[in-house]
Protein chains: 2
Amino acid sequence: MLELVDVGCSPAALSDAMSAETATELARTLKALADPARLRVLSLVAGNDGREVCACDLTDPLGLSQPTVSHHLKVLVDAGFLQRDKRGVWAYYSLVPGALERVTDALPGGR
Amino acid sequence: MLELVDVGCSPAALSDAMSAETATELARTLKALADPARLRVLSLVAGNDGREVCACDLTDPLGLSQPTVSHHLKVLVDAGFLQRDKRGVWAYYSLVPGALERVTDALPGGR
DNA sequence: CTGGGGTATCGACAGCCGTCAATGTCCCAC
DNA sequence: GTGGGACATTGACGGCTGTCGATACCCCAG
């Protein structure tokens with residue numbers, strides 16, 4: 001007999017996947033990045049060489065209403081990408097150092 | 001008088017943001033990554049040291065139905081992260097080299 | 001050719017998300 | 001204290017998205 005069947009598909013031959021919890025966590029962080037408006041916010045803040053950016057500076061270049069900008073800022077703060085510093089009437093935002101690097105390192109194949 | 005008003009907020013002092021088109025494009029790519037199931041798929045494929053992974057190997061570790069897995073694979077292929085090689089009845093998937101690096105480089109502050 | 005099995009597609013449905021107008025909150029100027 | 005302005009929150013709405021069952025496609029074995 002000796003049926004050396006070449007299956008062409010060897011199930012269960014996979015090394016362990018990223019755990020479901022890790023994947024969910026990372027996905028939540030990536031969702032915070034996966035929006036044009038938020039990417040532009042980060043770009044604006046990052047483009048200012050670490051200087052803080054006032055919320056009032058953002059609604060014009062983004063072309064969005066003030067509540068919408070505020071919403072996006074909150075998402076980025078909650079995700080750990082931005083930090084808020086409210087001084088008096090104004091709110092200043094700046095990058096959290098290393099936040100983006102931490103995400104790219106957590107990606108599959110990310111070192 | 002000499003009112004040296006310190007405004008505390010200097011609008012329009014921002015360098016140019018990422019263009020709306022670039023942001024939309026990058027956001028679309030990131031959306032493809034921002035899902036637990038898809039991250040685990042990439043992790044499974046990447047964890048196999050470049051060897052191809054058969055679609056039939058994926059539905060079990062993911063705990064999802066076959067159509068759903070097929071859907072996620074299509075999203076990852078369309079986004080340029082995976083390439084499909086259908087040989088006979090089976091479909092083999094492998095990483096597109098450099099796809100992930102290209103995304104991380106496009107991120108704000110992503111040099 | 002016929003049957004069987006691996007994949008892809010379709011249709012439907014629930015839940016999430018981005019957006020805005022309206023409103024609330026809080027701090028400063030007067 | 002009173003008014004105004006900057007920012008946050010709420011509520012509502014349309015659109016997108018992940019999921020599944022059902023079904024179609026397609027290749028190989030016999």
# chains A, B, ... in the order shown; residues from 1 in each chain; ligands from 1
>>> interface_residues(of="chain A", to="chain D", cutoff="8 Å", atoms="only C-alpha atoms (C1' of nucleotides)", output="PDB file with C-alpha atoms, in the first residue's frame")
ATOM      1  CA  CYS A  56      -7.904  76.346  18.133  1.00  0.00           C
ATOM      2  CA  PRO A  67     -16.827  69.339  18.304  1.00  0.00           C
ATOM      3  CA  SER A  70     -12.399  67.781  19.987  1.00  0.00           C
ATOM      4  CA  VAL A  89      -8.860  78.771  28.474  1.00  0.00           C
ATOM      5  CA  TRP A  90      -6.668  77.059  25.940  1.00  0.00           C
ATOM      6  CA  ALA A  91      -5.841  73.387  25.491  1.00  0.00           C
TER       7      ALA A  91
END
>>> calpha_fit_and_write(fixed="chain B", moving="chain A", output="CSV table (one decimal) with N, CA and C atoms, in the first residue's frame")
chain,number,residue,atom,x,y,z
A,1,MET,N,0.6,103.2,24.8
A,1,MET,CA,-0.3,102.0,24.7
A,1,MET,C,0.6,100.8,24.8
A,2,LEU,N,1.1,100.4,23.7
A,2,LEU,CA,2.1,99.4,23.6
A,2,LEU,C,1.5,98.1,24.3
A,3,GLU,N,0.5,97.6,23.8
A,3,GLU,CA,-0.1,96.4,24.4
A,3,GLU,C,0.5,95.1,23.9
A,4,LEU,N,1.5,94.6,24.5
A,4,LEU,CA,2.2,93.4,24.1
A,4,LEU,C,1.4,92.2,24.6
A,5,VAL,N,0.2,92.1,24.0
A,5,VAL,CA,-0.7,91.0,24.4
A,5,VAL,C,-0.1,89.6,24.2
A,6,ASP,N,0.1,88.9,25.3
A,6,ASP,CA,0.6,87.6,25.1
A,6,ASP,C,-0.6,86.7,24.9
A,7,VAL,N,-0.9,86.3,23.7
A,7,VAL,CA,-2.1,85.6,23.3
A,7,VAL,C,-2.1,84.2,23.9
A,8,GLY,N,-1.0,83.5,23.9
A,8,GLY,CA,-1.0,82.2,24.5
A,8,GLY,C,-1.4,81.2,23.4
A,9,CYS,N,-1.8,81.7,22.3
A,9,CYS,CA,-2.3,80.8,21.2
A,9,CYS,C,-2.0,81.4,19.9
A,10,SER,N,-1.1,80.9,19.1
A,10,SER,CA,-0.7,81.5,17.9
A,10,SER,C,-1.2,80.7,16.7
A,11,PRO,N,-2.4,81.0,16.3
A,11,PRO,CA,-3.0,80.2,15.2
A,11,PRO,C,-2.1,80.4,13.9
A,12,ALA,N,-2.3,79.4,13.0
A,12,ALA,CA,-1.7,79.4,11.7
A,12,ALA,C,-0.1,79.3,11.8
A,13,ALA,N,0.3,79.1,13.0
A,13,ALA,CA,1.8,78.9,13.1
A,13,ALA,C,2.2,77.5,12.9
A,14,LEU,N,1.3,76.7,12.3
A,14,LEU,CA,1.6,75.3,12.1
A,14,LEU,C,2.3,75.0,10.7
A,15,SER,N,3.2,74.2,10.7
A,15,SER,CA,3.7,73.7,9.4
A,15,SER,C,2.7,72.9,8.8
A,16,ASP,N,2.8,72.7,7.5
A,16,ASP,CA,1.8,72.0,6.7
A,16,ASP,C,1.5,70.6,7.3
A,17,ALA,N,0.3,70.2,7.3
A,17,ALA,CA,-0.1,68.9,7.7
A,17,ALA,C,0.0,67.9,6.6
A,18,MET,N,0.0,66.7,6.9
A,18,MET,CA,-0.1,65.6,5.9
A,18,MET,C,-1.3,66.0,5.0
A,19,SER,N,-1.2,65.8,3.7
A,19,SER,CA,-2.3,66.2,2.8
A,19,SER,C,-3.5,65.3,3.1
A,20,ALA,N,-4.7,65.8,2.7
A,20,ALA,CA,-5.9,65.0,3.0
A,20,ALA,C,-5.9,63.7,2.2
A,21,GLU,N,-5.3,63.7,1.0
A,21,GLU,CA,-5.3,62.5,0.2
A,21,GLU,C,-4.4,61.5,0.8
A,22,THR,N,-3.2,61.9,1.2
A,22,THR,CA,-2.2,61.0,1.8
A,22,THR,C,-2.8,60.4,3.1
A,23,ALA,N,-3.5,61.3,3.9
A,23,ALA,CA,-4.0,60.8,5.1
A,23,ALA,C,-5.1,59.8,4.9
A,24,THR,N,-6.0,60.0,3.9
A,24,THR,CA,-7.0,59.1,3.6
A,24,THR,C,-6.5,57.7,3.1
A,25,GLU,N,-5.5,57.8,2.3
A,25,GLU,CA,-4.8,56.6,1.8
A,25,GLU,C,-4.2,55.8,3.0
A,26,LEU,N,-3.4,56.5,3.8
A,26,LEU,CA,-2.8,55.8,4.9
A,26,LEU,C,-3.8,55.3,5.9
A,27,ALA,N,-4.9,56.0,6.1
A,27,ALA,CA,-5.9,55.5,7.0
A,27,ALA,C,-6.6,54.3,6.5
A,28,ARG,N,-6.8,54.2,5.2
A,28,ARG,CA,-7.4,53.0,4.6
A,28,ARG,C,-6.5,51.8,4.8
A,29,THR,N,-5.2,52.0,4.7
A,29,THR,CA,-4.3,50.9,4.9
A,29,THR,C,-4.3,50.5,6.4
A,30,LEU,N,-4.3,51.5,7.3
A,30,LEU,CA,-4.3,51.2,8.7
A,30,LEU,C,-5.6,50.5,9.1
A,31,LYS,N,-6.7,50.8,8.5
A,31,LYS,CA,-7.9,50.2,8.8
A,31,LYS,C,-7.9,48.7,8.5
A,32,ALA,N,-7.1,48.3,7.5
A,32,ALA,CA,-6.9,46.9,7.2
A,32,ALA,C,-6.2,46.2,8.3
A,33,LEU,N,-5.4,46.9,9.0
A,33,LEU,CA,-4.6,46.3,10.1
A,33,LEU,C,-5.4,46.3,11.4
A,34,ALA,N,-6.3,47.3,11.6
A,34,ALA,CA,-6.9,47.5,12.9
A,34,ALA,C,-8.0,46.6,13.1
A,35,ASP,N,-7.8,45.3,13.1
A,35,ASP,CA,-8.8,44.3,13.4
A,35,ASP,C,-8.1,43.1,14.0
A,36,PRO,N,-8.6,42.6,15.2
A,36,PRO,CA,-7.9,41.5,15.9
A,36,PRO,C,-7.7,40.3,15.0
A,37,ALA,N,-8.7,39.9,14.3
A,37,ALA,CA,-8.6,38.7,13.4
A,37,ALA,C,-7.5,38.9,12.4
A,38,ARG,N,-7.5,40.0,11.8
A,38,ARG,CA,-6.5,40.2,10.7
A,38,ARG,C,-5.1,40.3,11.3
A,39,LEU,N,-4.9,40.9,12.5
A,39,LEU,CA,-3.6,40.9,13.1
A,39,LEU,C,-3.1,39.5,13.4
A,40,ARG,N,-4.1,38.7,13.8
A,40,ARG,CA,-3.7,37.3,14.1
A,40,ARG,C,-3.3,36.5,12.8
A,41,VAL,N,-4.0,36.8,11.8
A,41,VAL,CA,-3.7,36.2,10.5
A,41,VAL,C,-2.2,36.6,10.1
A,42,LEU,N,-2.0,37.8,10.2
A,42,LEU,CA,-0.6,38.3,9.8
A,42,LEU,C,0.4,37.6,10.7
A,43,SER,N,0.1,37.6,12.0
A,43,SER,CA,1.0,36.9,13.0
A,43,SER,C,1.2,35.5,12.6
A,44,LEU,N,0.2,34.8,12.2
A,44,LEU,CA,0.3,33.4,11.9
A,44,LEU,C,1.2,33.2,10.6
A,45,VAL,N,1.0,34.0,9.6
A,45,VAL,CA,1.7,33.9,8.4
A,45,VAL,C,3.2,34.3,8.7
A,46,ALA,N,3.4,35.4,9.4
A,46,ALA,CA,4.7,35.9,9.7
A,46,ALA,C,5.5,34.9,10.6
A,47,GLY,N,4.7,34.2,11.4
A,47,GLY,CA,5.4,33.3,12.4
A,47,GLY,C,5.8,32.0,11.7
A,48,ASN,N,5.5,31.9,10.4
A,48,ASN,CA,5.9,30.7,9.7
A,48,ASN,C,7.2,30.9,8.9
A,49,ASP,N,7.9,31.9,9.2
A,49,ASP,CA,9.2,32.2,8.6
A,49,ASP,C,9.1,32.2,7.1
A,50,GLY,N,8.1,32.9,6.6
A,50,GLY,CA,8.1,33.1,5.1
A,50,GLY,C,7.4,32.0,4.4
A,51,ARG,N,7.2,30.9,5.1
A,51,ARG,CA,6.5,29.8,4.4
A,51,ARG,C,5.0,30.2,4.2
A,52,GLU,N,4.5,29.6,3.2
A,52,GLU,CA,3.1,29.9,2.8
A,52,GLU,C,2.2,29.2,3.8
A,53,VAL,N,1.0,29.8,4.0
A,53,VAL,CA,0.0,29.3,4.9
A,53,VAL,C,-1.3,29.0,4.1
A,54,CYS,N,-1.8,27.8,4.3
A,54,CYS,CA,-3.0,27.5,3.6
A,54,CYS,C,-4.2,28.0,4.3
A,55,ALA,N,-5.2,28.5,3.5
A,55,ALA,CA,-6.4,29.1,4.1
A,55,ALA,C,-7.1,28.1,5.1
A,56,CYS,N,-7.0,26.8,4.8
A,56,CYS,CA,-7.7,25.9,5.6
A,56,CYS,C,-7.0,25.8,7.0
A,57,ASP,N,-5.8,26.3,7.1
A,57,ASP,CA,-5.1,26.2,8.4
A,57,ASP,C,-5.6,27.4,9.3
A,58,LEU,N,-6.3,28.3,8.8
A,58,LEU,CA,-6.6,29.5,9.6
A,58,LEU,C,-7.9,29.5,10.3
A,59,THR,N,-8.9,28.9,9.8
A,59,THR,CA,-10.2,29.0,10.4
A,59,THR,C,-10.2,28.4,11.8
A,60,ASP,N,-9.5,27.3,12.0
A,60,ASP,CA,-9.5,26.8,13.4
A,60,ASP,C,-8.8,27.7,14.4
A,61,PRO,N,-7.6,28.1,14.2
A,61,PRO,CA,-6.9,28.9,15.3
A,61,PRO,C,-7.7,30.2,15.5
A,62,LEU,N,-8.4,30.7,14.5
A,62,LEU,CA,-9.0,32.0,14.6
A,62,LEU,C,-10.4,31.8,15.3
A,63,GLY,N,-11.0,30.7,15.1
A,63,GLY,CA,-12.3,30.5,15.7
A,63,GLY,C,-13.4,31.2,15.0
A,64,LEU,N,-13.2,31.4,13.7
A,64,LEU,CA,-14.2,32.1,12.9
A,64,LEU,C,-14.7,31.2,11.8
A,65,SER,N,-15.8,31.6,11.2
A,65,SER,CA,-16.4,30.8,10.1
A,65,SER,C,-15.5,31.0,8.9
A,66,GLN,N,-15.6,30.0,8.0
A,66,GLN,CA,-14.8,30.0,6.8
A,66,GLN,C,-15.0,31.3,5.9
A,67,PRO,N,-16.3,31.7,5.7
A,67,PRO,CA,-16.5,32.9,4.9
A,67,PRO,C,-15.9,34.2,5.6
A,68,THR,N,-15.9,34.2,6.9
A,68,THR,CA,-15.3,35.4,7.6
A,68,THR,C,-13.8,35.4,7.4
A,69,VAL,N,-13.2,34.2,7.5
A,69,VAL,CA,-11.7,34.2,7.3
A,69,VAL,C,-11.4,34.6,5.9
A,70,SER,N,-12.2,34.1,4.9
A,70,SER,CA,-12.0,34.5,3.5
A,70,SER,C,-12.1,36.0,3.3
A,71,HIS,N,-13.0,36.6,4.0
A,71,HIS,CA,-13.2,38.0,3.9
A,71,HIS,C,-12.0,38.8,4.4
A,72,HIS,N,-11.5,38.3,5.6
A,72,HIS,CA,-10.3,39.0,6.2
A,72,HIS,C,-9.1,38.9,5.3
A,73,LEU,N,-9.0,37.7,4.7
A,73,LEU,CA,-7.9,37.5,3.8
A,73,LEU,C,-7.9,38.4,2.6
A,74,LYS,N,-9.1,38.6,2.1
A,74,LYS,CA,-9.3,39.5,0.9
A,74,LYS,C,-8.9,40.9,1.3
A,75,VAL,N,-9.3,41.3,2.5
A,75,VAL,CA,-9.0,42.7,2.9
A,75,VAL,C,-7.5,42.8,3.0
A,76,LEU,N,-6.8,41.8,3.5
A,76,LEU,CA,-5.4,41.9,3.7
A,76,LEU,C,-4.7,41.9,2.3
A,77,VAL,N,-5.2,41.1,1.4
A,77,VAL,CA,-4.7,41.1,0.0
A,77,VAL,C,-4.9,42.4,-0.7
A,78,ASP,N,-6.1,43.0,-0.6
A,78,ASP,CA,-6.4,44.2,-1.2
A,78,ASP,C,-5.6,45.4,-0.6
A,79,ALA,N,-5.2,45.3,0.6
A,79,ALA,CA,-4.4,46.3,1.3
A,79,ALA,C,-2.9,46.1,1.0
A,80,GLY,N,-2.6,45.0,0.3
A,80,GLY,CA,-1.2,44.8,-0.1
A,80,GLY,C,-0.3,44.2,1.0
A,81,PHE,N,-0.9,43.6,2.0
A,81,PHE,CA,-0.1,42.9,3.0
A,81,PHE,C,0.1,41.5,2.7
A,82,LEU,N,-0.8,40.8,2.1
A,82,LEU,CA,-0.7,39.4,1.7
A,82,LEU,C,-0.8,39.2,0.2
A,83,GLN,N,-0.1,38.1,-0.2
A,83,GLN,CA,-0.3,37.8,-1.6
A,83,GLN,C,-0.9,36.3,-1.7
A,84,ARG,N,-1.8,36.1,-2.6
A,84,ARG,CA,-2.5,34.9,-2.7
A,84,ARG,C,-1.9,34.0,-3.8
A,85,ASP,N,-1.7,32.7,-3.6
A,85,ASP,CA,-1.3,31.8,-4.6
A,85,ASP,C,-2.2,30.6,-4.6
A,86,LYS,N,-3.1,30.6,-5.5
A,86,LYS,CA,-4.1,29.5,-5.5
A,86,LYS,C,-3.5,28.4,-6.4
A,87,ARG,N,-3.2,27.2,-5.8
A,87,ARG,CA,-2.7,26.1,-6.5
A,87,ARG,C,-3.7,25.0,-6.4
A,88,GLY,N,-4.4,24.7,-7.5
A,88,GLY,CA,-5.4,23.7,-7.5
A,88,GLY,C,-6.5,24.1,-6.6
A,89,VAL,N,-6.9,23.2,-5.6
A,89,VAL,CA,-8.0,23.5,-4.8
A,89,VAL,C,-7.6,24.4,-3.6
A,90,TRP,N,-6.3,24.4,-3.3
A,90,TRP,CA,-6.0,25.2,-2.1
A,90,TRP,C,-5.5,26.6,-2.4
A,91,ALA,N,-5.6,27.5,-1.4
A,91,ALA,CA,-5.1,28.8,-1.6
A,91,ALA,C,-4.1,29.1,-0.5
A,92,TYR,N,-2.9,29.5,-1.0
A,92,TYR,CA,-1.8,29.7,-0.1
A,92,TYR,C,-1.5,31.2,0.0
A,93,TYR,N,-1.3,31.6,1.2
A,93,TYR,CA,-1.0,33.1,1.5
A,93,TYR,C,0.4,33.3,2.0
A,94,SER,N,1.0,34.4,1.6
A,94,SER,CA,2.3,34.7,2.2
A,94,SER,C,2.4,36.2,2.3
A,95,LEU,N,3.4,36.7,3.1
A,95,LEU,CA,3.6,38.1,3.3
A,95,LEU,C,4.1,38.8,2.1
A,96,VAL,N,3.7,40.0,1.8
A,96,VAL,CA,4.3,40.8,0.8
A,96,VAL,C,5.5,41.5,1.5
A,97,PRO,N,6.7,41.2,1.0
A,97,PRO,CA,7.9,41.8,1.7
A,97,PRO,C,7.9,43.3,1.7
A,98,GLY,N,8.1,43.9,2.9
A,98,GLY,CA,8.3,45.3,3.0
A,98,GLY,C,7.0,46.1,3.1
A,99,ALA,N,5.8,45.4,3.1
A,99,ALA,CA,4.6,46.1,3.1
A,99,ALA,C,4.4,46.7,4.5
A,100,LEU,N,4.7,46.0,5.6
A,100,LEU,CA,4.5,46.6,6.9
A,100,LEU,C,5.5,47.7,7.1
A,101,GLU,N,6.7,47.5,6.7
A,101,GLU,CA,7.7,48.6,6.9
A,101,GLU,C,7.2,49.9,6.2
A,102,ARG,N,6.6,49.7,5.0
A,102,ARG,CA,6.2,50.9,4.2
A,102,ARG,C,5.2,51.7,5.0
A,103,VAL,N,4.3,51.0,5.8
A,103,VAL,CA,3.3,51.6,6.5
A,103,VAL,C,3.9,52.4,7.7
A,104,THR,N,4.7,51.7,8.4
A,104,THR,CA,5.3,52.4,9.6
A,104,THR,C,6.1,53.6,9.2
A,105,ASP,N,6.8,53.5,8.0
A,105,ASP,CA,7.6,54.6,7.6
A,105,ASP,C,6.7,55.8,7.2
A,106,ALA,N,5.5,55.5,6.8
A,106,ALA,CA,4.6,56.6,6.4
A,106,ALA,C,3.9,57.3,7.6
A,107,LEU,N,4.0,56.7,8.7
A,107,LEU,CA,3.4,57.3,9.9
A,107,LEU,C,4.1,58.6,10.3
A,108,PRO,N,3.3,59.5,10.9
A,108,PRO,CA,3.9,60.8,11.4
A,108,PRO,C,5.1,60.5,12.3
A,109,GLY,N,6.2,61.1,12.1
A,109,GLY,CA,7.4,60.8,12.8
A,109,GLY,C,8.1,59.6,12.4
A,110,GLY,N,7.6,59.0,11.3
A,110,GLY,CA,8.1,57.7,10.8
A,110,GLY,C,9.2,57.9,9.8
A,111,ARG,N,10.3,58.6,10.3
A,111,ARG,CA,11.5,58.8,9.4
A,111,ARG,C,11.1,59.6,8.2
>>> closest_residue(among="C:DG3, C:DG18, C:DG24, C:DG11", to="chain A", atoms="only C-alpha atoms (C1' of nucleotides)")
C:DG18
>>> select_by_dssp(residues="chain B", states="alpha helix (DSSP H)", output="MDAnalysis selection string")
chainID B and resid 20:33 36:46 59:62 66:78 99:106
>>> interface_residues(of="chain C", to="chain A", cutoff="8 Å", atoms="only C-alpha atoms (C1' of nucleotides)", output="PyMOL selection string")
chain C and resi 19-20+26-28
>>> write_last_selection(atoms="N, CA and C atoms (P, O5', C5', C4', C3', O3' and C1' of nucleotides)", output="JSON list (two decimals), in the first residue's frame")
[["chain", "number", "residue", "atom", "x", "y", "z"],
["C", 19, "DT", "P", -14.75, 62.88, 10.33],
["C", 19, "DT", "O5'", -16.09, 63.70, 10.55],
["C", 19, "DT", "C5'", -17.06, 63.74, 9.51],
["C", 19, "DT", "C4'", -18.37, 64.27, 10.02],
["C", 19, "DT", "C3'", -18.30, 65.57, 10.80],
["C", 19, "DT", "O3'", -18.39, 66.67, 9.90],
["C", 19, "DT", "C1'", -19.93, 64.04, 11.69],
["C", 20, "DC", "P", -18.16, 68.17, 10.39],
["C", 20, "DC", "O5'", -19.60, 68.61, 10.94],
["C", 20, "DC", "C5'", -20.75, 68.45, 10.11],
["C", 20, "DC", "C4'", -22.01, 68.61, 10.94],
["C", 20, "DC", "C3'", -22.05, 69.91, 11.73],
["C", 20, "DC", "O3'", -23.15, 70.71, 11.31],
["C", 20, "DC", "C1'", -22.62, 68.03, 13.11],
["C", 26, "DC", "P", -17.29, 72.68, 35.53],
["C", 26, "DC", "O5'", -16.06, 73.66, 35.24],
["C", 26, "DC", "C5'", -15.14, 73.31, 34.20],
["C", 26, "DC", "C4'", -14.40, 74.54, 33.72],
["C", 26, "DC", "C3'", -14.08, 75.55, 34.84],
["C", 26, "DC", "O3'", -12.73, 75.91, 34.73],
["C", 26, "DC", "C1'", -15.07, 76.64, 33.00],
["C", 27, "DC", "P", -11.88, 76.41, 36.03],
["C", 27, "DC", "O5'", -10.99, 77.58, 35.44],
["C", 27, "DC", "C5'", -10.36, 77.36, 34.18],
["C", 27, "DC", "C4'", -10.36, 78.65, 33.37],
["C", 27, "DC", "C3'", -9.87, 79.87, 34.15],
["C", 27, "DC", "O3'", -8.77, 80.44, 33.47],
["C", 27, "DC", "C1'", -11.89, 80.34, 32.98],
["C", 28, "DC", "P", -7.65, 81.28, 34.29],
["C", 28, "DC", "O5'", -7.91, 82.77, 33.79],
["C", 28, "DC", "C5'", -7.56, 83.09, 32.46],
["C", 28, "DC", "C4'", -8.53, 84.10, 31.90],
["C", 28, "DC", "C3'", -8.33, 85.54, 32.37],
["C", 28, "DC", "O3'", -7.77, 86.29, 31.30],
["C", 28, "DC", "C1'", -10.65, 84.94, 32.22]]
>>> decode(residues="stretch 18-78 of chain A", atoms="C-alpha atoms", output="mmCIF file, in the first residue's frame")
data_model
loop_
_atom_site.group_PDB
_atom_site.id
_atom_site.type_symbol
_atom_site.label_atom_id
_atom_site.label_comp_id
_atom_site.auth_asym_id
_atom_site.auth_seq_id
_atom_site.Cartn_x
_atom_site.Cartn_y
_atom_site.Cartn_z
ATOM 1 C CA MET A 18 -0.717 36.498 18.600
ATOM 2 C CA SER A 19 -3.073 36.005 21.531
ATOM 3 C CA ALA A 20 -6.635 37.196 21.113
ATOM 4 C CA GLU A 21 -6.225 39.739 23.910
ATOM 5 C CA THR A 22 -3.024 41.161 22.480
ATOM 6 C CA ALA A 23 -4.612 41.383 19.048
ATOM 7 C CA THR A 24 -7.690 43.133 20.399
ATOM 8 C CA GLU A 25 -5.576 45.608 22.305
ATOM 9 C CA LEU A 26 -3.341 46.365 19.338
ATOM 10 C CA ALA A 27 -6.347 46.635 17.041
ATOM 11 C CA ARG A 28 -7.934 49.200 19.329
ATOM 12 C CA THR A 29 -4.762 51.284 19.211
ATOM 13 C CA LEU A 30 -4.552 50.993 15.444
ATOM 14 C CA LYS A 31 -8.185 52.018 15.078
ATOM 15 C CA ALA A 32 -7.259 55.288 16.744
ATOM 16 C CA LEU A 33 -4.727 55.840 13.972
ATOM 17 C CA ALA A 34 -6.866 54.628 11.095
ATOM 18 C CA ASP A 35 -8.661 57.880 10.377
ATOM 19 C CA PRO A 36 -7.627 60.648 7.970
ATOM 20 C CA ALA A 37 -8.456 63.477 10.366
ATOM 21 C CA ARG A 38 -6.504 61.937 13.217
ATOM 22 C CA LEU A 39 -3.509 61.202 11.017
ATOM 23 C CA ARG A 40 -3.483 64.830 9.967
ATOM 24 C CA VAL A 41 -3.704 65.940 13.579
ATOM 25 C CA LEU A 42 -0.682 63.837 14.455
ATOM 26 C CA SER A 43 1.106 65.153 11.407
ATOM 27 C CA LEU A 44 0.386 68.727 12.459
ATOM 28 C CA VAL A 45 1.601 68.167 15.981
ATOM 29 C CA ALA A 46 4.629 66.149 14.911
ATOM 30 C CA GLY A 47 5.479 68.733 12.268
ATOM 31 C CA ASN A 48 5.881 71.395 14.901
ATOM 32 C CA ASP A 49 9.070 69.856 16.259
ATOM 33 C CA GLY A 50 7.695 68.955 19.634
ATOM 34 C CA ARG A 51 6.117 72.306 20.249
ATOM 35 C CA GLU A 52 2.627 72.214 21.595
ATOM 36 C CA VAL A 53 -0.329 72.865 19.373
ATOM 37 C CA CYS A 54 -3.414 74.723 20.495
ATOM 38 C CA ALA A 55 -6.752 73.103 19.716
ATOM 39 C CA CYS A 56 -7.904 76.346 18.133
ATOM 40 C CA ASP A 57 -5.181 75.926 15.497
ATOM 41 C CA LEU A 58 -6.591 72.643 14.294
ATOM 42 C CA THR A 59 -10.161 73.186 13.205
ATOM 43 C CA ASP A 60 -9.200 75.416 10.286
ATOM 44 C CA PRO A 61 -6.600 73.211 8.557
ATOM 45 C CA LEU A 62 -8.761 70.150 9.099
ATOM 46 C CA GLY A 63 -11.939 71.692 7.787
ATOM 47 C CA LEU A 64 -13.999 70.070 10.499
ATOM 48 C CA SER A 65 -16.328 71.450 13.127
ATOM 49 C CA GLN A 66 -14.970 72.210 16.576
ATOM 50 C CA PRO A 67 -16.827 69.339 18.304
ATOM 51 C CA THR A 68 -15.509 66.886 15.745
ATOM 52 C CA VAL A 69 -11.931 68.051 16.246
ATOM 53 C CA SER A 70 -12.399 67.781 19.987
ATOM 54 C CA HIS A 71 -13.672 64.246 19.526
ATOM 55 C CA HIS A 72 -10.638 63.212 17.494
ATOM 56 C CA LEU A 73 -8.303 64.763 20.031
ATOM 57 C CA LYS A 74 -9.965 62.797 22.779
ATOM 58 C CA VAL A 75 -9.554 59.570 20.824
ATOM 59 C CA LEU A 76 -5.852 60.256 20.325
ATOM 60 C CA VAL A 77 -5.379 61.130 23.985
ATOM 61 C CA ASP A 78 -7.230 58.012 25.131
#
